[in-house]
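Visitor: Mind having a look at this structure? Questions to follow.
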Amino acid sequence: MKESLLYVDEITVVRDDKEILKDVSIRVLPGEITGILGRNGAGKSSLAYTIMGLPNYRPKKGAIYFKGQDITELGITERARLGITLAWQHPARYEGISVAEYLRISSRDKIGESQMEEALALVQLESSYLKRKVDKTLSGGERKRIELASVYLMNSRLTILDEPDSGVDLLAMADIINLFRKMTENGRSVLIITHREDVASQCDRSYLMCSGSIVLEGTAEAVRRYFLSQCMPCPEHAGETGETEG
Ligand SMILES: Nc1ncnc2c1ncn2[C@@H]1O[C@H](COP(=O)(O)OP(=O)(O)OP(=O)(O)O)[C@@H](O)[C@H]1O
């Protein structure tokens with residue numbers, strides 16, 4: 001087996017006396033798209049925050065390794081410097097600047113207009129959007145696509161995307177998966193957090209989460225089949241989510 005880019009080793013995270021992650025272990029391999037699939041409240045976002053190093057998500061037990069280095073005690077900024085990005089954490093200070101400027105700031109490397117245009121094309125937006133402002137005149141879907149283009153330009157070793165399909169239509173999902181494939185070129189990796197089994201099925205490998213634990217690890221297809229046949233809302237969350245049996 002290839003050496004892991006990210007190795008989460010039996011972590012337990014407690015918040016307000018509740019174990020929101022219990023002995024969770026996952027591996028993300030270089031050049032792969034890994035999926036974390038689970039219903040509402042399964043602990044998916046908490047896992048993303050823990051990997052990113054948010055202050056209230058320090059593991060009580062276990063360790064996190066990135067490129068072989070123990071990063072359990074490192075803060076968000078240090079982890080970001082090492083090459084971990086959690087998408088959709090864009091600060092409001094970007095509001096009002098041009099799309100071109102936003103993309104330029106997002107990129108780790110010095111980029112020109114042609115790279116920005118390429119990134120916009122990957123999310124099916126014309127280059128004329130470079131002149132637009134990042135503000136309320138953009139539709140929710142356009143904004144999401146521009147955010148995806150910026151995530152692409154960040155060129156991170158590991159990009160974590162929490163529910164990447166929210167706010168974009170189904171047709172665009174195929175484009176987004178193409179974008180993720182491009183993001184895994186040159187050994188970079190993507191970790192997708194999702195409650196949709198059709199999104200997880202596009203990954204190279206998936207994990208199924210339930211009530212803060214990993215209940216299954218395997219090929220995306222095996223996890224998808226198990227999810228469809230076995231998973232129903234956990235009784236403790238069924239009332240909150242309004243979901244029906246899957
Ligand atoms: N500070 C907290 N105190 C108590 N419980 C918490 C806290 N933060 C999260 N939780 C609980 O931990 C569980 C996991 O939450 P999390 O947001 O990680 O789930 P999720 O799988 O991302 O769900 P969703 O798909 O709905 O976003 C939920 O039951 C949530 O209510």
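For the structure tokens, the naming scheme is as follows: chains receive sequential letters (A, B, ...) according to their order of presentation, residues are indexed from 1 within each chain, and ligands are indexed from 1 in presentation order.
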Select from range 33-138 of chain A every residue with an atom at most 10 Å from any atom of range 15-24 of chain A, then for each give the shortest pair of atoms and their distance in Å to one decimal, using only C-alpha atoms, rows by chain and rising number, as JSON lines.

Guide:
{"residue": "A:Gly41", "atom": "CA", "partner": "A:Ile20", "partner_atom": "CA", "distance": 9.0}
{"residue": "A:Ala42", "atom": "CA", "partner": "A:Ile20", "partner_atom": "CA", "distance": 8.3}
{"residue": "A:Gly43", "atom": "CA", "partner": "A:Ile20", "partner_atom": "CA", "distance": 6.2}
{"residue": "A:Lys44", "atom": "CA", "partner": "A:Leu21", "partner_atom": "CA", "distance": 9.0}
{"residue": "A:Ser46", "atom": "CA", "partner": "A:Ile20", "partner_atom": "CA", "distance": 7.3}
{"residue": "A:Leu47", "atom": "CA", "partner": "A:Leu21", "partner_atom": "CA", "distance": 7.2}
{"residue": "A:Thr50", "atom": "CA", "partner": "A:Leu21", "partner_atom": "CA", "distance": 9.4}
{"residue": "A:Asn56", "atom": "CA", "partner": "A:Arg15", "partner_atom": "CA", "distance": 7.6}
{"residue": "A:Tyr57", "atom": "CA", "partner": "A:Arg15", "partner_atom": "CA", "distance": 7.7}
{"residue": "A:Arg58", "atom": "CA", "partner": "A:Arg15", "partner_atom": "CA", "distance": 9.6}
{"residue": "A:Pro59", "atom": "CA", "partner": "A:Leu21", "partner_atom": "CA", "distance": 8.7}
{"residue": "A:Lys60", "atom": "CA", "partner": "A:Glu19", "partner_atom": "CA", "distance": 9.5}
{"residue": "A:Lys61", "atom": "CA", "partner": "A:Asp23", "partner_atom": "CA", "distance": 8.0}
{"residue": "A:Gly62", "atom": "CA", "partner": "A:Asp23", "partner_atom": "CA", "distance": 7.5}

Visitor: Save the residues we just selected, N, CA and C atoms, as a PDB file, in the first residue's frame?

Guide:
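Saved as out37.pdb:
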ATOM      1  N   GLY A  41     -25.434  14.598  11.297  1.00  0.00           N
ATOM      2  CA  GLY A  41     -25.052  14.359  12.693  1.00  0.00           C
ATOM      3  C   GLY A  41     -24.112  13.196  12.902  1.00  0.00           C
ATOM      4  N   ALA A  42     -23.619  12.590  11.819  1.00  0.00           N
ATOM      5  CA  ALA A  42     -22.735  11.414  11.950  1.00  0.00           C
ATOM      6  C   ALA A  42     -21.358  11.793  12.499  1.00  0.00           C
ATOM      7  N   GLY A  43     -20.972  13.063  12.319  1.00  0.00           N
ATOM      8  CA  GLY A  43     -19.661  13.506  12.813  1.00  0.00           C
ATOM      9  C   GLY A  43     -18.704  13.900  11.701  1.00  0.00           C
ATOM     10  N   LYS A  44     -19.212  14.015  10.474  1.00  0.00           N
ATOM     11  CA  LYS A  44     -18.358  14.286   9.315  1.00  0.00           C
ATOM     12  C   LYS A  44     -17.656  15.649   9.417  1.00  0.00           C
ATOM     13  N   SER A  46     -17.243  17.438  12.061  1.00  0.00           N
ATOM     14  CA  SER A  46     -16.351  17.440  13.230  1.00  0.00           C
ATOM     15  C   SER A  46     -15.008  16.820  12.867  1.00  0.00           C
ATOM     16  N   LEU A  47     -15.034  15.788  12.041  1.00  0.00           N
ATOM     17  CA  LEU A  47     -13.786  15.158  11.604  1.00  0.00           C
ATOM     18  C   LEU A  47     -12.976  16.145  10.755  1.00  0.00           C
ATOM     19  N   THR A  50     -11.421  18.680  12.975  1.00  0.00           N
ATOM     20  CA  THR A  50     -10.337  18.082  13.770  1.00  0.00           C
ATOM     21  C   THR A  50      -9.070  17.955  12.917  1.00  0.00           C
ATOM     22  N   ASN A  56     -11.442  24.014  19.221  1.00  0.00           N
ATOM     23  CA  ASN A  56     -12.350  23.211  20.044  1.00  0.00           C
ATOM     24  C   ASN A  56     -12.432  21.750  19.607  1.00  0.00           C
ATOM     25  N   TYR A  57     -11.586  21.388  18.676  1.00  0.00           N
ATOM     26  CA  TYR A  57     -11.640  20.014  18.136  1.00  0.00           C
ATOM     27  C   TYR A  57     -10.296  19.307  18.302  1.00  0.00           C
ATOM     28  N   ARG A  58      -9.648  19.567  19.446  1.00  0.00           N
ATOM     29  CA  ARG A  58      -8.396  18.869  19.731  1.00  0.00           C
ATOM     30  C   ARG A  58      -8.717  17.469  20.241  1.00  0.00           C
ATOM     31  N   PRO A  59      -8.104  16.425  19.682  1.00  0.00           N
ATOM     32  CA  PRO A  59      -8.425  15.071  20.146  1.00  0.00           C
ATOM     33  C   PRO A  59      -8.045  14.849  21.610  1.00  0.00           C
ATOM     34  N   LYS A  60      -8.909  14.131  22.301  1.00  0.00           N
ATOM     35  CA  LYS A  60      -8.635  13.754  23.683  1.00  0.00           C
ATOM     36  C   LYS A  60      -7.711  12.533  23.651  1.00  0.00           C
ATOM     37  N   LYS A  61      -7.796  11.809  22.569  1.00  0.00           N
ATOM     38  CA  LYS A  61      -7.026  10.575  22.409  1.00  0.00           C
ATOM     39  C   LYS A  61      -6.730  10.395  20.924  1.00  0.00           C
ATOM     40  N   GLY A  62      -5.602   9.749  20.628  1.00  0.00           N
ATOM     41  CA  GLY A  62      -5.249   9.470  19.245  1.00  0.00           C
ATOM     42  C   GLY A  62      -4.311  10.519  18.663  1.00  0.00           C
TER      43      GLY A  62
END

Visitor: Apply DSSP to the structure's backbone, then extract all residues of range 11-51 of chain A labelled alpha helix (DSSP H) and return them as a list in words.

Guide: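 Filtering range 11-51 of chain A down to alpha helix (DSSP H) leaves Lys44, Ser45, Ser46, Leu47, Ala48, Tyr49, Thr50 and Ile51 of chain A.
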
Visitor: Taking C-alpha atoms for each residue, export the selection above as a PDB file, in the first residue's frame.

Guide:
ATOM      1  CA  LYS A  44     -18.358  14.286   9.315  1.00  0.00           C
ATOM      2  CA  SER A  45     -17.853  18.033   9.791  1.00  0.00           C
ATOM      3  CA  SER A  46     -16.351  17.440  13.230  1.00  0.00           C
ATOM      4  CA  LEU A  47     -13.786  15.158  11.604  1.00  0.00           C
ATOM      5  CA  ALA A  48     -12.974  17.857   9.015  1.00  0.00           C
ATOM      6  CA  TYR A  49     -12.533  20.479  11.783  1.00  0.00           C
ATOM      7  CA  THR A  50     -10.337  18.082  13.770  1.00  0.00           C
ATOM      8  CA  ILE A  51      -8.079  17.432  10.774  1.00  0.00           C
TER       9      ILE A  51
END

Visitor: List the neighbours of Thr137 in chain A out to 12 Å using only C-alpha atoms; skip same-chain residues closer than 3 positions along the sequence, and give me the result as number ranges by chain.

Guide: A: 95-96, 98-99, 129, 132-134, 140-143

Visitor: Name the residues of range 5-242 of chain A that fall into strand (DSSP E) according to DSSP on the backbone, using the chain letters and numbers of this document, as an MDAnalysis selection string.

Guide: chainID A and resid 6:15 18:28 33:38 61:66 69:70 84:86 158:162 189:194 205:210 213:219

Visitor: Next, write the just-selected residues to a file, as a JSON list (two decimals), in the first residue's frame, keeping C-alpha atoms as the atom set.

Guide:
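That gives us again-v2.json:
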[["chain", "number", "residue", "atom", "x", "y", "z"],
["A", 6, "LEU", "CA", -2.94, 11.84, 5.95],
["A", 7, "TYR", "CA", -3.33, 9.27, 8.69],
["A", 8, "VAL", "CA", -5.89, 9.84, 11.41],
["A", 9, "ASP", "CA", -5.05, 7.30, 14.10],
["A", 10, "GLU", "CA", -7.88, 6.35, 16.47],
["A", 11, "ILE", "CA", -8.90, 9.84, 17.50],
["A", 12, "THR", "CA", -11.58, 10.62, 20.04],
["A", 13, "VAL", "CA", -12.98, 14.16, 20.28],
["A", 14, "VAL", "CA", -15.19, 15.31, 23.13],
["A", 15, "ARG", "CA", -17.37, 18.42, 23.09],
["A", 18, "LYS", "CA", -20.22, 14.23, 24.37],
["A", 19, "GLU", "CA", -17.89, 11.99, 22.36],
["A", 20, "ILE", "CA", -18.56, 13.39, 18.90],
["A", 21, "LEU", "CA", -15.74, 11.30, 17.35],
["A", 22, "LYS", "CA", -14.98, 7.85, 18.76],
["A", 23, "ASP", "CA", -11.73, 6.03, 17.88],
["A", 24, "VAL", "CA", -11.87, 7.31, 14.30],
["A", 25, "SER", "CA", -9.13, 6.13, 11.92],
["A", 26, "ILE", "CA", -8.87, 7.12, 8.27],
["A", 27, "ARG", "CA", -6.16, 7.24, 5.63],
["A", 28, "VAL", "CA", -5.92, 9.55, 2.64],
["A", 33, "ILE", "CA", -10.15, 11.24, -3.77],
["A", 34, "THR", "CA", -11.37, 9.88, -0.44],
["A", 35, "GLY", "CA", -14.98, 10.19, 0.66],
["A", 36, "ILE", "CA", -16.50, 10.38, 4.12],
["A", 37, "LEU", "CA", -20.15, 9.41, 3.80],
["A", 38, "GLY", "CA", -22.74, 9.67, 6.54],
["A", 61, "LYS", "CA", -7.03, 10.57, 22.41],
["A", 62, "GLY", "CA", -5.25, 9.47, 19.25],
["A", 63, "ALA", "CA", -2.99, 11.25, 16.77],
["A", 64, "ILE", "CA", -3.01, 12.82, 13.30],
["A", 65, "TYR", "CA", -0.10, 12.40, 10.88],
["A", 66, "PHE", "CA", 0.44, 14.41, 7.72],
["A", 69, "GLN", "CA", 4.71, 14.12, 10.66],
["A", 70, "ASP", "CA", 2.69, 14.12, 13.88],
["A", 84, "ILE", "CA", -3.99, 21.27, 4.35],
["A", 85, "THR", "CA", -6.94, 23.37, 3.19],
["A", 86, "LEU", "CA", -10.49, 23.22, 4.45],
["A", 158, "LEU", "CA", -4.78, 18.01, 0.82],
["A", 159, "THR", "CA", -8.07, 19.78, 0.16],
["A", 160, "ILE", "CA", -11.00, 18.97, 2.41],
["A", 161, "LEU", "CA", -14.40, 19.84, 0.96],
["A", 162, "ASP", "CA", -17.44, 19.80, 3.22],
["A", 189, "SER", "CA", -5.37, 14.56, -2.56],
["A", 190, "VAL", "CA", -8.98, 15.49, -1.94],
["A", 191, "LEU", "CA", -11.15, 14.51, 1.03],
["A", 192, "ILE", "CA", -14.87, 14.92, 0.36],
["A", 193, "ILE", "CA", -17.37, 15.10, 3.20],
["A", 194, "THR", "CA", -20.83, 14.21, 1.97],
["A", 205, "ARG", "CA", -12.16, 5.03, -1.54],
["A", 206, "SER", "CA", -14.77, 5.85, 1.04],
["A", 207, "TYR", "CA", -15.53, 5.62, 4.71],
["A", 208, "LEU", "CA", -18.97, 5.39, 6.18],
["A", 209, "MET", "CA", -19.54, 7.30, 9.43],
["A", 210, "CYS", "CA", -22.31, 6.81, 11.92],
["A", 213, "SER", "CA", -17.57, 6.21, 14.44],
["A", 214, "ILE", "CA", -16.28, 4.76, 11.18],
["A", 215, "VAL", "CA", -18.51, 1.77, 10.49],
["A", 216, "LEU", "CA", -17.14, 0.74, 7.10],
["A", 217, "GLU", "CA", -14.06, 1.33, 4.98],
["A", 218, "GLY", "CA", -13.75, 0.16, 1.41],
["A", 219, "THR", "CA", -14.20, 0.90, -2.24]]
